[in-house]
file input14.cif (mmCIF, C-alpha atoms and all ligand atoms)
data_model
loop_
_atom_site.label_atom_id
_atom_site.label_comp_id
_atom_site.auth_asym_id
_atom_site.auth_seq_id
_atom_site.Cartn_x
_atom_site.Cartn_y
_atom_site.Cartn_z
CA MET A 950 66.14 -107.40 6.64
CA VAL A 951 63.94 -107.08 3.57
CA ASN A 952 62.35 -110.04 1.82
CA VAL A 953 61.74 -109.22 -1.84
CA ILE A 954 59.13 -111.59 -3.24
CA GLY A 955 59.05 -112.24 -6.99
CA LEU A 956 62.41 -111.99 -8.74
CA GLY A 957 61.33 -110.99 -12.24
CA TYR A 958 61.95 -107.84 -14.25
CA ILE A 959 61.18 -105.55 -11.30
CA GLY A 960 61.79 -107.62 -8.19
CA LEU A 961 65.30 -108.71 -9.08
CA PRO A 962 66.74 -105.25 -9.87
CA THR A 963 65.01 -103.81 -6.79
CA ALA A 964 66.41 -106.54 -4.54
CA LEU A 965 69.88 -106.01 -6.01
CA MET A 966 69.70 -102.22 -5.62
CA LEU A 967 68.71 -102.48 -1.96
CA SER A 968 71.41 -105.02 -1.26
CA ALA A 969 74.11 -103.05 -3.08
CA HIS A 970 73.17 -100.05 -0.94
CA GLY A 971 73.62 -101.69 2.41
CA VAL A 972 70.22 -103.26 3.11
CA GLU A 973 70.17 -106.90 4.16
CA VAL A 974 68.09 -108.66 1.47
CA VAL A 975 66.71 -112.10 0.77
CA GLY A 976 65.08 -112.52 -2.63
CA THR A 977 62.35 -115.14 -2.78
CA ASP A 978 60.72 -116.76 -5.77
CA TYR A 979 58.57 -119.87 -6.09
CA ASN A 980 60.39 -120.75 -9.29
CA THR A 981 63.13 -122.98 -7.91
CA SER A 982 65.07 -123.13 -11.17
CA LEU A 983 65.21 -119.32 -11.25
CA VAL A 984 66.45 -119.31 -7.65
CA ASP A 985 69.05 -121.98 -8.54
CA THR A 986 70.27 -119.90 -11.47
CA LEU A 987 70.69 -116.83 -9.25
CA ARG A 988 72.44 -118.89 -6.58
CA GLN A 989 74.85 -120.10 -9.25
CA GLY A 990 75.76 -116.44 -9.82
CA LYS A 991 73.90 -116.03 -13.12
CA THR A 992 71.37 -113.34 -13.96
CA THR A 993 68.04 -114.36 -15.48
CA PHE A 994 67.45 -111.64 -18.09
CA LYS A 995 69.44 -109.08 -20.03
CA GLU A 996 69.50 -105.43 -19.03
CA ASP A 997 72.31 -102.88 -19.19
CA GLY A 998 74.15 -102.70 -15.86
CA LEU A 999 72.27 -105.64 -14.30
CA GLU A 1000 75.27 -107.95 -14.28
CA GLU A 1001 77.48 -105.39 -12.54
CA LEU A 1002 74.81 -104.66 -9.92
CA PHE A 1003 74.34 -108.40 -9.41
CA ARG A 1004 78.07 -108.82 -8.66
CA LYS A 1005 77.97 -105.92 -6.18
CA SER A 1006 75.01 -107.34 -4.32
CA LEU A 1007 76.54 -110.82 -4.21
CA ASP A 1008 79.56 -109.20 -2.58
CA ALA A 1009 77.19 -107.43 -0.18
CA GLY A 1010 75.72 -110.80 0.81
CA ILE A 1011 72.32 -110.98 -0.93
CA LYS A 1012 70.63 -114.37 -0.51
CA PHE A 1013 68.10 -116.14 -2.74
CA SER A 1014 65.50 -118.61 -1.56
CA ASP A 1015 62.29 -120.30 -2.60
CA LYS A 1016 60.96 -119.81 0.94
CA TYR A 1017 59.44 -116.73 2.56
CA GLN A 1018 61.55 -115.28 5.38
CA VAL A 1019 60.67 -114.22 8.90
CA THR A 1020 61.29 -110.52 8.70
CA ASP A 1021 59.71 -107.12 9.24
CA THR A 1022 59.55 -105.79 5.66
CA TYR A 1023 58.30 -107.55 2.53
CA ILE A 1024 58.33 -106.12 -0.97
CA ILE A 1025 55.96 -107.99 -3.27
CA SER A 1026 56.71 -107.68 -6.96
CA VAL A 1027 54.98 -110.70 -8.43
CA PRO A 1028 53.30 -110.62 -11.86
CA THR A 1029 49.71 -109.52 -12.31
CA PRO A 1030 48.48 -111.65 -15.21
CA TYR A 1031 46.03 -110.08 -17.54
CA ASP A 1032 43.24 -111.69 -19.51
CA LYS A 1033 43.32 -110.16 -22.94
CA PHE A 1034 39.71 -111.04 -23.69
CA SER A 1035 38.06 -109.74 -20.52
CA LYS A 1036 40.74 -106.95 -20.25
CA LYS A 1037 40.87 -107.62 -16.53
CA VAL A 1038 43.91 -108.03 -14.34
CA ASP A 1039 44.03 -111.04 -12.07
CA PRO A 1040 45.53 -110.20 -8.65
CA CYS A 1041 45.80 -113.91 -7.73
CA TYR A 1042 49.61 -113.90 -7.39
CA VAL A 1043 49.60 -110.78 -5.23
CA ILE A 1044 46.90 -112.30 -3.03
CA ALA A 1045 48.80 -115.60 -2.79
CA ALA A 1046 52.01 -113.76 -1.88
CA VAL A 1047 50.26 -111.72 0.82
CA LYS A 1048 48.73 -114.90 2.28
CA ASP A 1049 52.13 -116.55 2.37
CA VAL A 1050 53.74 -113.52 3.99
CA LEU A 1051 51.10 -113.60 6.71
CA LYS A 1052 52.06 -117.21 7.51
CA VAL A 1053 55.60 -116.20 8.47
CA CYS A 1054 55.84 -112.47 9.17
CA ARG A 1055 56.62 -110.87 12.52
CA LYS A 1056 53.97 -108.81 14.30
CA GLY A 1057 54.12 -105.23 13.06
CA ALA A 1058 55.62 -106.21 9.69
CA THR A 1059 55.16 -103.99 6.63
CA ILE A 1060 53.96 -105.44 3.34
CA VAL A 1061 54.88 -103.27 0.37
CA ILE A 1062 53.10 -104.08 -2.88
CA GLU A 1063 55.15 -103.00 -5.89
CA SER A 1064 53.22 -104.97 -8.51
CA THR A 1065 50.96 -102.82 -10.65
CA VAL A 1066 47.36 -103.40 -9.67
CA SER A 1067 44.07 -102.16 -11.01
CA PRO A 1068 43.01 -99.09 -8.91
CA GLY A 1069 40.95 -100.26 -5.96
CA THR A 1070 42.50 -103.75 -5.85
CA ILE A 1071 44.12 -103.25 -2.47
CA ASP A 1072 40.83 -102.21 -0.83
CA LYS A 1073 38.80 -104.82 -2.67
CA HIS A 1074 41.11 -107.84 -2.53
CA ILE A 1075 44.12 -107.36 -0.28
CA ARG A 1076 42.66 -105.80 2.87
CA PRO A 1077 39.97 -108.52 3.18
CA VAL A 1078 42.58 -111.27 2.83
CA ILE A 1079 44.61 -109.77 5.67
CA GLU A 1080 41.59 -109.23 7.88
CA GLU A 1081 40.21 -112.72 7.21
CA ALA A 1082 43.57 -114.14 8.34
CA GLY A 1083 42.96 -112.43 11.70
CA PHE A 1084 45.39 -109.52 11.33
CA GLU A 1085 44.51 -105.93 12.13
CA ILE A 1086 45.88 -103.59 9.47
CA GLY A 1087 47.79 -100.70 11.02
CA LYS A 1088 48.57 -102.73 14.12
CA ASP A 1089 49.54 -106.33 13.31
CA VAL A 1090 50.67 -105.53 9.77
CA HIS A 1091 51.10 -102.36 7.74
CA LEU A 1092 50.16 -102.08 4.13
CA VAL A 1093 51.96 -99.95 1.54
CA HIS A 1094 51.73 -99.55 -2.23
CA ALA A 1095 54.96 -98.42 -3.89
CA PRO A 1096 54.39 -98.92 -7.62
CA GLU A 1097 57.47 -99.35 -9.76
CA ARG A 1098 58.09 -96.86 -12.56
CA ILE A 1099 61.28 -98.00 -14.27
CA ILE A 1100 61.52 -98.46 -17.99
CA PRO A 1101 63.04 -101.67 -19.42
CA GLY A 1102 66.16 -100.71 -21.34
CA ASN A 1103 67.15 -98.04 -18.79
CA MET A 1104 66.25 -99.74 -15.52
CA MET A 1105 69.44 -99.19 -13.58
CA TYR A 1106 69.49 -95.44 -14.22
CA GLU A 1107 65.78 -95.03 -13.57
CA LEU A 1108 65.81 -97.03 -10.33
CA ILE A 1109 68.23 -94.50 -8.94
CA HIS A 1110 66.99 -91.29 -10.56
CA ASN A 1111 63.20 -91.59 -11.01
CA ASN A 1112 60.83 -90.00 -8.55
CA ARG A 1113 58.72 -92.54 -6.67
CA THR A 1114 55.26 -92.68 -5.14
CA ILE A 1115 54.55 -94.37 -1.82
CA GLY A 1116 50.96 -94.90 -0.75
CA ALA A 1117 50.42 -95.76 2.92
CA ASP A 1118 47.64 -95.63 5.49
CA SER A 1119 49.78 -93.63 7.91
CA LYS A 1120 52.52 -91.05 7.47
CA GLU A 1121 54.76 -92.89 9.91
CA VAL A 1122 54.68 -96.13 7.94
CA GLY A 1123 55.09 -94.21 4.65
CA GLU A 1124 58.16 -92.44 6.05
CA ALA A 1125 59.73 -95.73 7.14
CA VAL A 1126 59.30 -97.23 3.66
CA LYS A 1127 60.50 -93.98 2.07
CA LYS A 1128 63.70 -94.30 4.11
CA LEU A 1129 64.20 -97.82 2.78
CA TYR A 1130 63.84 -96.77 -0.87
CA ALA A 1131 65.95 -93.66 -0.24
CA SER A 1132 68.88 -96.03 0.37
CA PHE A 1133 69.29 -96.06 -3.43
CA CYS A 1134 66.67 -93.71 -4.90
CA GLN A 1135 67.91 -90.16 -5.45
CA GLY A 1136 64.62 -88.88 -6.89
CA ASP A 1137 61.80 -87.28 -4.91
CA ILE A 1138 59.73 -89.81 -3.00
CA VAL A 1139 56.16 -88.58 -2.68
CA LEU A 1140 53.98 -89.88 0.15
CA THR A 1141 50.27 -90.30 -0.45
CA ASP A 1142 47.45 -92.72 0.30
CA ILE A 1143 47.20 -96.20 -1.22
CA ARG A 1144 44.26 -95.51 -3.55
CA THR A 1145 46.03 -92.46 -5.04
CA ALA A 1146 49.24 -94.44 -5.51
CA GLU A 1147 47.37 -97.18 -7.36
CA MET A 1148 45.67 -94.65 -9.61
CA THR A 1149 48.76 -92.54 -10.39
CA LYS A 1150 50.66 -95.58 -11.64
CA VAL A 1151 47.90 -96.56 -14.04
CA VAL A 1152 47.30 -92.96 -15.13
CA GLU A 1153 51.00 -92.51 -16.02
CA ASN A 1154 50.94 -95.50 -18.33
CA THR A 1155 47.58 -94.44 -19.73
CA PHE A 1156 48.96 -90.99 -20.56
CA ARG A 1157 51.73 -92.61 -22.59
CA ALA A 1158 49.34 -95.06 -24.29
CA VAL A 1159 47.01 -92.24 -25.36
CA ASN A 1160 49.92 -90.21 -26.69
CA ILE A 1161 51.30 -93.15 -28.67
CA ALA A 1162 47.78 -93.72 -30.03
CA PHE A 1163 47.72 -90.11 -31.22
CA ALA A 1164 50.98 -90.68 -33.10
CA ASN A 1165 49.63 -93.93 -34.55
CA GLU A 1166 46.47 -92.21 -35.71
CA LEU A 1167 48.54 -89.49 -37.35
CA ALA A 1168 50.50 -92.20 -39.16
CA LYS A 1169 47.24 -93.60 -40.56
CA ILE A 1170 46.01 -90.15 -41.61
CA CYS A 1171 49.33 -89.37 -43.30
CA ARG A 1172 49.41 -92.75 -45.06
CA HIS A 1173 45.94 -92.07 -46.42
CA ASP A 1174 47.17 -88.98 -48.29
CA ASN A 1175 50.81 -89.94 -48.67
CA MET A 1176 52.28 -87.41 -46.24
CA ASP A 1177 55.47 -87.92 -44.22
CA VAL A 1178 54.28 -88.42 -40.63
CA TYR A 1179 57.80 -88.34 -39.21
CA GLU A 1180 58.62 -84.99 -40.79
CA ILE A 1181 55.28 -83.61 -39.60
CA ILE A 1182 55.90 -84.80 -36.03
CA ARG A 1183 59.47 -83.48 -36.12
CA ILE A 1184 58.32 -80.01 -37.12
CA CYS A 1185 55.34 -79.97 -34.72
CA ASN A 1186 57.67 -80.94 -31.87
CA MET A 1187 59.67 -77.76 -32.48
CA HIS A 1188 56.69 -75.90 -30.98
CA PRO A 1189 57.45 -75.23 -27.31
CA ARG A 1190 54.26 -76.91 -26.06
CA VAL A 1191 53.99 -79.86 -28.45
CA ASN A 1192 55.69 -83.20 -27.82
CA ILE A 1193 54.24 -85.96 -29.98
CA LEU A 1194 55.54 -89.51 -29.52
CA GLN A 1195 56.49 -91.85 -32.37
CA PRO A 1196 54.11 -94.10 -34.31
CA GLY A 1197 55.04 -97.76 -34.38
CA PRO A 1198 53.86 -101.26 -35.33
CA GLY A 1199 51.82 -101.54 -32.13
CA VAL A 1200 52.21 -101.20 -28.41
CA GLY A 1201 53.61 -104.10 -26.43
CA GLY A 1202 55.05 -104.85 -23.02
CA HIS A 1203 53.13 -105.72 -19.92
CA CYS A 1204 52.38 -102.13 -18.91
CA ILE A 1205 51.36 -99.56 -21.52
CA SER A 1206 49.40 -102.11 -23.51
CA VAL A 1207 47.61 -103.42 -20.41
CA ASP A 1208 47.14 -100.87 -17.59
CA PRO A 1209 44.86 -98.42 -19.45
CA TRP A 1210 42.35 -101.24 -19.93
CA PHE A 1211 41.83 -101.24 -16.14
CA LEU A 1212 40.29 -97.78 -16.43
CA VAL A 1213 38.19 -98.76 -19.44
CA GLY A 1214 37.02 -101.88 -17.58
CA ASP A 1215 36.09 -99.97 -14.41
CA TYR A 1216 34.67 -96.81 -16.05
CA PRO A 1217 33.33 -97.95 -19.44
CA SER A 1218 30.99 -95.00 -19.91
CA LEU A 1219 33.62 -92.43 -18.90
CA ALA A 1220 36.96 -93.63 -20.29
CA LYS A 1221 36.13 -92.94 -23.95
CA VAL A 1222 39.40 -91.39 -25.16
CA ILE A 1223 41.31 -94.15 -23.42
CA ASP A 1224 39.15 -96.87 -24.97
CA GLU A 1225 39.56 -95.50 -28.49
CA SER A 1226 43.30 -95.02 -27.96
CA MET A 1227 43.76 -98.61 -26.89
CA LYS A 1228 41.80 -99.83 -29.91
CA THR A 1229 43.98 -97.66 -32.16
CA ASN A 1230 47.16 -99.10 -30.68
CA ASP A 1231 45.83 -102.66 -30.79
CA GLY A 1232 44.92 -102.15 -34.45
CA MET A 1233 48.47 -101.28 -35.50
CA PRO A 1234 49.73 -104.87 -36.10
CA ASP A 1235 46.81 -105.34 -38.52
CA PHE A 1236 47.66 -102.04 -40.17
CA VAL A 1237 51.24 -103.30 -40.68
CA LEU A 1238 49.94 -106.59 -42.08
CA ASN A 1239 47.84 -104.68 -44.60
CA ARG A 1240 50.90 -102.58 -45.51
CA ILE A 1241 52.77 -105.85 -46.12
CA TYR A 1242 50.06 -107.05 -48.52
CA GLU A 1243 50.02 -103.67 -50.31
CA ILE A 1244 53.81 -103.66 -50.70
CA MET A 1245 53.87 -107.28 -51.88
CA LYS A 1246 51.28 -106.42 -54.51
CA ALA A 1247 53.13 -103.27 -55.63
CA ASN A 1248 56.31 -105.32 -56.09
CA GLY A 1249 54.76 -108.39 -57.71
CA LEU A 1250 55.56 -110.60 -54.68
CA THR A 1251 53.10 -113.42 -54.19
CA ASP A 1252 54.87 -115.68 -51.73
CA ILE A 1253 54.33 -114.66 -48.07
CA THR A 1254 57.14 -116.99 -47.03
CA ARG A 1255 59.57 -114.56 -48.71
CA VAL A 1256 58.57 -111.89 -46.18
CA GLY A 1257 60.52 -111.61 -42.93
CA LEU A 1258 59.79 -109.78 -39.69
CA TYR A 1259 62.90 -108.46 -37.96
CA GLY A 1260 62.24 -108.32 -34.21
CA LEU A 1261 60.11 -110.34 -31.85
CA THR A 1262 60.48 -108.37 -28.62
CA TYR A 1263 58.08 -105.61 -27.63
CA LYS A 1264 60.70 -102.89 -28.14
CA GLU A 1265 64.36 -102.35 -28.88
CA ASP A 1266 67.21 -103.91 -26.93
CA VAL A 1267 65.11 -105.83 -24.42
CA ASP A 1268 64.54 -109.60 -24.44
CA ASP A 1269 60.90 -109.36 -23.31
CA VAL A 1270 58.24 -110.50 -25.80
CA ARG A 1271 55.12 -109.92 -23.68
CA GLU A 1272 52.28 -108.53 -25.83
CA SER A 1273 54.81 -107.78 -28.55
CA PRO A 1274 53.50 -106.24 -31.79
CA THR A 1275 55.22 -109.02 -33.75
CA LEU A 1276 53.37 -111.70 -31.79
CA GLN A 1277 50.14 -109.76 -32.29
CA LEU A 1278 50.83 -109.54 -36.02
CA LEU A 1279 51.53 -113.26 -36.26
CA GLU A 1280 48.23 -113.99 -34.50
CA SER A 1281 46.44 -111.69 -36.87
CA GLN A 1282 48.15 -113.39 -39.79
CA GLU A 1283 46.76 -116.72 -38.61
CA ARG A 1284 43.28 -115.21 -38.68
CA HIS A 1285 43.94 -114.19 -42.29
CA LEU A 1286 45.03 -117.78 -43.02
CA ALA A 1287 48.17 -116.49 -44.65
CA THR A 1288 50.79 -118.02 -42.37
CA GLY A 1289 54.40 -118.36 -43.39
CA LEU A 1290 56.04 -115.07 -42.41
CA LYS A 1291 59.63 -115.60 -41.35
CA VAL A 1292 60.86 -114.13 -38.08
CA TYR A 1293 64.25 -113.25 -36.62
CA ASP A 1294 65.32 -111.58 -33.38
CA PRO A 1295 68.93 -111.54 -32.23
CA LEU A 1296 67.85 -111.29 -28.58
CA ILE A 1297 65.58 -114.34 -28.58
CA SER A 1298 67.47 -117.60 -28.58
CA THR A 1299 64.57 -119.93 -27.77
CA ASP A 1300 62.10 -121.17 -30.38
CA MET A 1301 58.92 -119.16 -29.86
CA VAL A 1302 57.09 -119.00 -33.16
CA PRO A 1303 56.96 -120.98 -36.42
CA ASN A 1304 59.49 -120.07 -39.12
CA GLN A 1305 61.80 -118.45 -36.59
CA TYR A 1306 65.46 -118.05 -37.53
CA HIS A 1307 68.40 -117.90 -35.18
CA ASP A 1308 70.91 -116.79 -37.77
CA PHE A 1309 70.70 -113.32 -39.28
CA ASP A 1310 72.48 -114.24 -42.54
CA SER A 1311 70.13 -117.13 -43.32
CA PHE A 1312 67.12 -114.99 -42.45
CA ILE A 1313 68.20 -112.15 -44.75
CA ASN A 1314 69.06 -114.58 -47.56
CA ASP A 1315 65.66 -116.25 -47.36
CA VAL A 1316 63.47 -113.14 -47.67
CA ASP A 1317 62.79 -110.45 -50.29
CA LEU A 1318 60.74 -108.08 -48.14
CA VAL A 1319 62.07 -107.26 -44.66
CA VAL A 1320 59.71 -105.66 -42.16
CA LEU A 1321 61.58 -103.79 -39.43
CA MET A 1322 59.41 -104.34 -36.35
CA VAL A 1323 61.99 -103.55 -33.66
CA GLY A 1324 64.96 -101.18 -33.88
CA HIS A 1325 67.51 -103.25 -31.93
CA SER A 1326 71.08 -101.90 -31.84
CA HIS A 1327 72.00 -105.06 -33.75
CA LEU A 1328 69.83 -103.88 -36.65
CA LYS A 1329 71.22 -100.36 -36.58
CA GLU A 1330 74.72 -101.85 -36.87
CA ASN A 1331 73.67 -104.03 -39.82
CA LEU A 1332 71.56 -101.68 -41.92
CA ASP A 1333 73.89 -102.19 -44.89
CA ARG A 1334 72.61 -105.80 -45.06
CA LEU A 1335 69.22 -104.47 -46.18
CA LYS A 1336 70.54 -102.84 -49.33
CA ASP A 1337 69.17 -105.31 -51.90
CA LYS A 1338 65.90 -105.86 -50.07
CA ILE A 1339 62.47 -104.33 -50.18
CA VAL A 1340 62.09 -102.78 -46.74
CA LEU A 1341 59.05 -101.78 -44.69
CA ASP A 1342 60.40 -99.75 -41.80
CA THR A 1343 57.86 -99.36 -38.96
CA ARG A 1344 60.39 -97.67 -36.63
CA ASN A 1345 61.81 -94.95 -38.85
CA ILE A 1346 65.41 -96.10 -38.60
CA TYR A 1347 66.24 -96.89 -42.24
CA HIS A 1348 66.44 -93.90 -44.54
CA GLU A 1349 67.44 -95.28 -47.94
CA PRO A 1350 65.34 -94.04 -50.90
CA GLY A 1351 62.50 -96.42 -51.74
CA THR A 1352 62.03 -97.59 -48.15
CA TYR A 1353 58.38 -98.10 -47.28
CA LYS A 1354 57.16 -96.57 -44.03
CA LEU A 1355 54.03 -97.14 -41.90
N1 LIG B 1401 56.17 -97.05 -28.23
C1 LIG B 1401 55.77 -96.47 -29.43
N2 LIG B 1401 56.04 -95.14 -29.63
C2 LIG B 1401 56.69 -94.37 -28.72
C3 LIG B 1401 57.08 -94.97 -27.50
C4 LIG B 1401 56.81 -96.31 -27.28
O1 LIG B 1401 55.18 -97.12 -30.30
O2 LIG B 1401 56.92 -93.19 -28.98
C5 LIG B 1401 55.88 -98.48 -27.98
C6 LIG B 1401 57.13 -99.32 -27.71
O3 LIG B 1401 57.73 -99.72 -28.90
C7 LIG B 1401 56.56 -100.48 -26.91
C8 LIG B 1401 55.43 -99.81 -26.11
O4 LIG B 1401 55.15 -98.59 -26.76
O5 LIG B 1401 55.99 -101.47 -27.74
C9 LIG B 1401 55.76 -99.54 -24.66
O6 LIG B 1401 57.11 -99.14 -24.52
P1 LIG B 1401 57.59 -97.93 -23.62
O7 LIG B 1401 59.05 -97.80 -23.80
O8 LIG B 1401 56.76 -96.73 -23.87
O9 LIG B 1401 57.21 -98.36 -22.12
P2 LIG B 1401 57.42 -99.69 -21.25
O10 LIG B 1401 56.18 -100.51 -21.36
O11 LIG B 1401 58.71 -100.36 -21.54
O12 LIG B 1401 57.52 -99.05 -19.77
C10 LIG B 1401 56.44 -98.27 -19.29
C11 LIG B 1401 56.98 -96.96 -18.68
N3 LIG B 1401 55.88 -96.05 -18.41
C12 LIG B 1401 55.91 -94.75 -18.79
O13 LIG B 1401 56.82 -94.27 -19.42
C13 LIG B 1401 54.76 -93.89 -18.37
C14 LIG B 1401 57.77 -97.26 -17.42
O14 LIG B 1401 58.16 -96.05 -16.77
C15 LIG B 1401 56.91 -98.09 -16.43
O15 LIG B 1401 57.62 -98.42 -15.24
C16 LIG B 1401 56.53 -99.38 -17.14
O16 LIG B 1401 55.74 -99.02 -18.30
C17 LIG B 1401 55.74 -100.25 -16.19
O17 LIG B 1401 56.31 -101.24 -15.71
O18 LIG B 1401 54.59 -99.92 -15.87
#
call {"tool": "encode", "arguments": {"input": "input14.cif", "output": "structure tokens"}}
result
Amino acid sequence: MVNVIGLGYIGLPTALMLSAHGVEVVGTDYNTSLVDTLRQGKTTFKEDGLEELFRKSLDAGIKFSDKYQVTDTYIISVPTPYDKFSKKVDPCYVIAAVKDVLKVCRKGATIVIESTVSPGTIDKHIRPVIEEAGFEIGKDVHLVHAPERIIPGNMMYELIHNNRTIGADSKEVGEAVKKLYASFCQGDIVLTDIRTAEMTKVVENTFRAVNIAFANELAKICRHDNMDVYEIIRICNMHPRVNILQPGPGVGGHCISVDPWFLVGDYPSLAKVIDESMKTNDGMPDFVLNRIYEIMKANGLTDITRVGLYGLTYKEDVDDVRESPTLQLLESQERHLATGLKVYDPLISTDMVPNQYHDFDSFINDVDLVVLMVGHSHLKENLDRLKDKIVLDTRNIYHEPGTYKL
């Protein structure tokens, strides 16, 4: 039996995948209302294919609990909160979960940490916790790091098809955990040591962050001299060894906008390109705000409350708002003391920010300038509703003449 601890964006789909592929699973979360919701047969977030997988695993007998189970394998996928001022990740939840596992686990149990951690965290924080509790690592408990790599929006496909990395102290333990993941994962599963596994995960996200920063910097250069950045990227990408990503209103989510800071924090005098890239990405919401002011001025608009931001999530077709460019822009707007921007997102039904609409028609009627912050499918199906509006398109999805771009 496997006890998956932390039933959020990663833990829940992983628990369901294992269960749907014949592994006996109990999913545990401290959040009792989340556990109640799952027990009532309801999923807790939206993702293509999640509902169907949930049904399959219910049929297969998955259980949910707010208690840790006595078992021989634990997969920990709890959040790793991040302090945006110190740029440091706080492993407190991972540490707490490990401590709680140690209270109940069988001798010889394996603890698999899936949560993304700053490289070195397992040596610095997790091993001492286990040893202080009187356990010998490699004998009483085994430690493994198997960082997740799935992308929100395509999680179900990527859980099955992505390659995975498993870091373990011994080949034998690594092989046992590999076998567990191979119950559903059809990709290659690479075995390595824990430190390498920690580092590869963060490096992958850093690679993407730096590449997005390059695209964002190109957007700024092209804006400066009125060139079409999208056409330039399109043509460059026809070269066999060039593959530039897309500029955007900023980088959000709990991964690409966070993980590279771990390297900057730990290697400040070495991680120069990474540091600059992160600053470039973090500066994009301000860049968009300045574009808004420029466009208002060019069109004789003086009332900021007639400007609306479409999209509150960090990217298209997900309901996750963590570190979202729209939230960053709203914060930046507060610093400029020019509050009043209207906001609408079809995937966010709770009230999260001031001046938030829950009805697309009212939102569109109440604004003159629409800023496309997120390219949800809903927007792509309703582009005709923008026809009488001034539009700033930060995602390159609206191609009517006169549309403003980044
Ligand atoms: N973005 C751009 N331009 C692009 C691509 C993305 O501006 O060309 C923006 C998005 O709009 C979003 C942010 O970057 O705001 C991040 O989105 P994303 O789709 O690039 O990535 P995430 O954060 O959803 O998921 C990433 C993935 N990492 C990599 O692709 C290397 C995923 O595989 C990881 O599992 C995930 O981080 C994670 O949990 O670490």
call {"tool": "residues_around", "arguments": {"input": "input14.cif", "residues": "region 1171-1175 of chain A", "least_positions_apart": "6", "cutoff": "10 Å", "atoms": "only C-alpha atoms", "output": "list of chain:residue names"}}
result
A:Asn1165, A:Ile1181, A:Arg1240, A:Lys1354, A:Leu1355
call {"tool": "residues_near_ligand", "arguments": {"input": "input14.cif", "ligand": "ligand LIG 1401 (chain B)", "cutoff": "9 Å", "atoms": "only C-alpha atoms and all ligand atoms", "output": "number ranges by chain"}}
result
A: 958-959, 1064-1065, 1096-1102, 1104, 1107, 1111, 1150-1158, 1160-1162, 1164-1165, 1193-1206, 1208, 1230, 1262-1265, 1267, 1272-1274, 1322-1324, 1344
call {"tool": "write_last_selection", "arguments": {"input": "input14.cif", "atoms": "C-alpha atoms", "output": "tab-separated table (two decimals), in the frame of the given file"}}
result
chain	number	residue	atom	x	y	z
A	958	TYR	CA	61.95	-107.84	-14.25
A	959	ILE	CA	61.18	-105.55	-11.30
A	1064	SER	CA	53.22	-104.97	-8.51
A	1065	THR	CA	50.96	-102.82	-10.65
A	1096	PRO	CA	54.39	-98.92	-7.62
A	1097	GLU	CA	57.47	-99.35	-9.76
A	1098	ARG	CA	58.09	-96.86	-12.56
A	1099	ILE	CA	61.28	-98.00	-14.27
A	1100	ILE	CA	61.52	-98.46	-17.99
A	1101	PRO	CA	63.04	-101.67	-19.42
A	1102	GLY	CA	66.16	-100.71	-21.34
A	1104	MET	CA	66.25	-99.74	-15.52
A	1107	GLU	CA	65.78	-95.03	-13.57
A	1111	ASN	CA	63.20	-91.59	-11.01
A	1150	LYS	CA	50.66	-95.58	-11.64
A	1151	VAL	CA	47.90	-96.56	-14.04
A	1152	VAL	CA	47.30	-92.96	-15.13
A	1153	GLU	CA	51.00	-92.51	-16.02
A	1154	ASN	CA	50.94	-95.50	-18.33
A	1155	THR	CA	47.58	-94.44	-19.73
A	1156	PHE	CA	48.96	-90.99	-20.56
A	1157	ARG	CA	51.73	-92.61	-22.59
A	1158	ALA	CA	49.34	-95.06	-24.29
A	1160	ASN	CA	49.92	-90.21	-26.69
A	1161	ILE	CA	51.30	-93.15	-28.67
A	1162	ALA	CA	47.78	-93.72	-30.03
A	1164	ALA	CA	50.98	-90.68	-33.10
A	1165	ASN	CA	49.63	-93.93	-34.55
A	1193	ILE	CA	54.24	-85.96	-29.98
A	1194	LEU	CA	55.54	-89.51	-29.52
A	1195	GLN	CA	56.49	-91.85	-32.37
A	1196	PRO	CA	54.11	-94.10	-34.31
A	1197	GLY	CA	55.04	-97.76	-34.38
A	1198	PRO	CA	53.86	-101.26	-35.33
A	1199	GLY	CA	51.82	-101.54	-32.13
A	1200	VAL	CA	52.21	-101.20	-28.41
A	1201	GLY	CA	53.61	-104.10	-26.43
A	1202	GLY	CA	55.05	-104.85	-23.02
A	1203	HIS	CA	53.13	-105.72	-19.92
A	1204	CYS	CA	52.38	-102.13	-18.91
A	1205	ILE	CA	51.36	-99.56	-21.52
A	1206	SER	CA	49.40	-102.11	-23.51
A	1208	ASP	CA	47.14	-100.87	-17.59
A	1230	ASN	CA	47.16	-99.10	-30.68
A	1262	THR	CA	60.48	-108.37	-28.62
A	1263	TYR	CA	58.08	-105.61	-27.63
A	1264	LYS	CA	60.70	-102.89	-28.14
A	1265	GLU	CA	64.36	-102.35	-28.88
A	1267	VAL	CA	65.11	-105.83	-24.42
A	1272	GLU	CA	52.28	-108.53	-25.83
A	1273	SER	CA	54.81	-107.78	-28.55
A	1274	PRO	CA	53.50	-106.24	-31.79
A	1322	MET	CA	59.41	-104.34	-36.35
A	1323	VAL	CA	61.99	-103.55	-33.66
A	1324	GLY	CA	64.96	-101.18	-33.88
A	1344	ARG	CA	60.39	-97.67	-36.63
call {"tool": "atom_distance", "arguments": {"input": "input14.cif", "atom1": "CA of Val1302 (chain A)", "atom2": "CA of Gly1289 (chain A)"}}
result
10.6 Å
call {"tool": "residues_around", "arguments": {"input": "input14.cif", "residues": "Ile1346 (chain A)", "least_positions_apart": "2", "cutoff": "9 Å", "atoms": "all atoms listed in the file", "output": "VMD selection string"}}
result
chain A and resid 1321 1324 1329 1332 1342 to 1344 1348
